[in-house]
>>> print(open('work08.csv').read())   # CSV, C-alpha atoms
chain,number,residue,atom,x,y,z
P,1000,MET,CA,15.8,4.9,19.7
P,1001,LEU,CA,19.4,5.4,18.6
P,1002,ASP,CA,22.0,2.9,19.7
P,1003,ILE,CA,25.4,4.2,20.8
P,1004,ASN,CA,27.0,2.6,17.7
P,1005,VAL,CA,24.6,4.4,15.4
P,1006,ILE,CA,25.5,7.7,17.0
P,1007,LYS,CA,29.2,6.9,16.7
P,1008,ASN,CA,28.9,6.0,13.0
P,1009,ILE,CA,26.9,9.2,12.3
P,1010,ALA,CA,29.5,11.3,14.2
P,1011,ALA,CA,32.4,9.6,12.4
P,1012,GLY,CA,30.7,10.1,9.0
P,1013,LEU,CA,30.1,13.8,9.7
P,1014,THR,CA,33.6,14.3,10.9
P,1015,ILE,CA,35.2,12.9,7.8
P,1016,ALA,CA,32.7,14.5,5.5
P,1017,ILE,CA,33.3,18.0,6.9
P,1018,GLY,CA,36.9,17.4,7.6
P,1019,GLY,CA,37.5,16.3,4.0
P,1020,MET,CA,35.3,18.9,2.3
P,1021,MET,CA,36.8,22.0,3.8
P,1022,PRO,CA,40.5,21.3,3.0
P,1023,ALA,CA,39.4,20.4,-0.6
P,1024,LEU,CA,37.7,23.7,-1.0
P,1025,ALA,CA,40.8,25.4,0.5
P,1026,ILE,CA,43.1,23.6,-1.9
P,1027,GLY,CA,41.0,24.7,-4.8
P,1028,ARG,CA,41.1,28.3,-3.7
P,1029,PHE,CA,44.9,28.1,-3.2
P,1030,ALA,CA,45.3,26.8,-6.7
P,1031,ALA,CA,43.1,29.5,-8.2
P,1032,GLU,CA,44.9,32.3,-6.4
P,1033,ALA,CA,48.3,30.8,-7.5
P,1034,MET,CA,47.2,30.7,-11.1
P,1035,ARG,CA,45.9,34.3,-10.8
P,1036,ALA,CA,49.3,35.4,-9.3
P,1037,LEU,CA,51.2,33.6,-12.0
P,1038,GLY,CA,49.1,35.3,-14.7
P,1039,ARG,CA,50.0,38.7,-13.2
P,1040,ASN,CA,53.7,37.9,-12.6
P,1041,PRO,CA,55.1,34.9,-14.5
P,1042,GLU,CA,58.6,35.5,-13.2
P,1043,SER,CA,57.6,34.6,-9.7
P,1044,ALA,CA,56.7,31.0,-10.6
P,1045,GLY,CA,59.3,29.5,-8.3
P,1046,ALA,CA,58.3,31.3,-5.2
P,1047,ILE,CA,54.6,30.9,-5.8
P,1048,SER,CA,55.0,27.2,-6.5
P,1049,SER,CA,57.0,26.4,-3.4
P,1050,ASN,CA,54.6,28.4,-1.2
P,1051,LEU,CA,51.6,26.7,-2.8
P,1052,ILE,CA,53.0,23.2,-2.1
P,1053,VAL,CA,53.5,24.1,1.6
P,1054,ALA,CA,50.0,25.5,1.9
P,1055,ILE,CA,48.5,22.4,0.2
P,1056,ALA,CA,50.5,20.2,2.6
P,1057,PHE,CA,49.1,22.0,5.6
P,1058,ALA,CA,45.5,21.7,4.2
P,1059,GLU,CA,46.0,18.0,3.6
P,1060,ALA,CA,47.3,17.6,7.1
P,1061,ILE,CA,44.0,19.0,8.4
P,1062,ALA,CA,42.1,16.3,6.4
P,1063,ILE,CA,44.3,13.6,7.8
P,1064,TYR,CA,43.6,14.9,11.3
P,1065,ALA,CA,39.9,14.7,10.5
P,1066,LEU,CA,40.4,11.1,9.4
P,1067,VAL,CA,42.2,10.2,12.7
P,1068,VAL,CA,39.5,11.8,14.7
P,1069,ALA,CA,36.8,10.0,12.8
P,1070,LEU,CA,38.5,6.7,13.3
P,1071,ALA,CA,38.9,7.5,17.0
P,1072,ILE,CA,35.2,8.2,17.3
P,1073,LYS,CA,34.2,5.1,15.5
P,1074,PHE,CA,36.5,2.6,17.2
P,1075,VAL,CA,37.1,4.0,20.7
>>> encode(input="work08.csv", output="structure tokens")
Amino acid sequence: MLDINVIKNIAAGLTIAIGGMMPALAIGRFAAEAMRALGRNPESAGAISSNLIVAIAFAEAIAIYALVVALAIKFV
């Protein structure tokens, strides 16, 4: 029989695993598309770079939210 602490640990682990994996995949896709856009139009490097940094920051924020939720599941 599963204890409540075991269930909490499994839920916290799954939360951070999925919450860390999906933003990482999104960041990889963002970077690939930015490199593709820079290959097509090198003059737009400034605009693409600034938009890429903002998009990566939003994706990382989602990963941080997943960490906060995992810690809340584990310790609350």
>>> closest_residue(input="work08.csv", among="P:Val1068, P:Val1075, P:Leu1051, P:Ala1030", to="Gly1012 (chain P)", atoms="all atoms listed in the file")
P:Val1068
>>> residues_around(input="work08.csv", residues="region 1043-1046 of chain P", least_positions_apart="6", cutoff="10 Å", atoms="all atoms listed in the file", output="list in words")
Ala1033, Met1034, Ala1036 and Leu1037 of chain P
>>> closest_residue(input="work08.csv", among="P:Ala1065, P:Arg1039, P:Ser1048, P:Ile1026", to="Ala1011 (chain P)", atoms="only C-alpha atoms")
P:Ala1065
>>> atom_distance(input="work08.csv", atom1="CA of Tyr1064 (chain P)", atom2="CA of Ser1049 (chain P)")
23.0 Å
>>> closest_residue(input="work08.csv", among="P:Leu1070, P:Ala1010, P:Val1053, P:Ile1047", to="Arg1035 (chain P)", atoms="all atoms listed in the file")
P:Ile1047
>>> atom_distance(input="work08.csv", atom1="CA of Ala1025 (chain P)", atom2="CA of Ile1063 (chain P)")
14.3 Å
>>> closest_residue(input="work08.csv", among="P:Ala1054, P:Asn1008, P:Glu1032, P:Gly1019", to="Ala1071 (chain P)", atoms="all atoms listed in the file")
P:Asn1008
>>> atom_distance(input="work08.csv", atom1="CA of Ile1052 (chain P)", atom2="CA of Leu1066 (chain P)")
20.9 Å
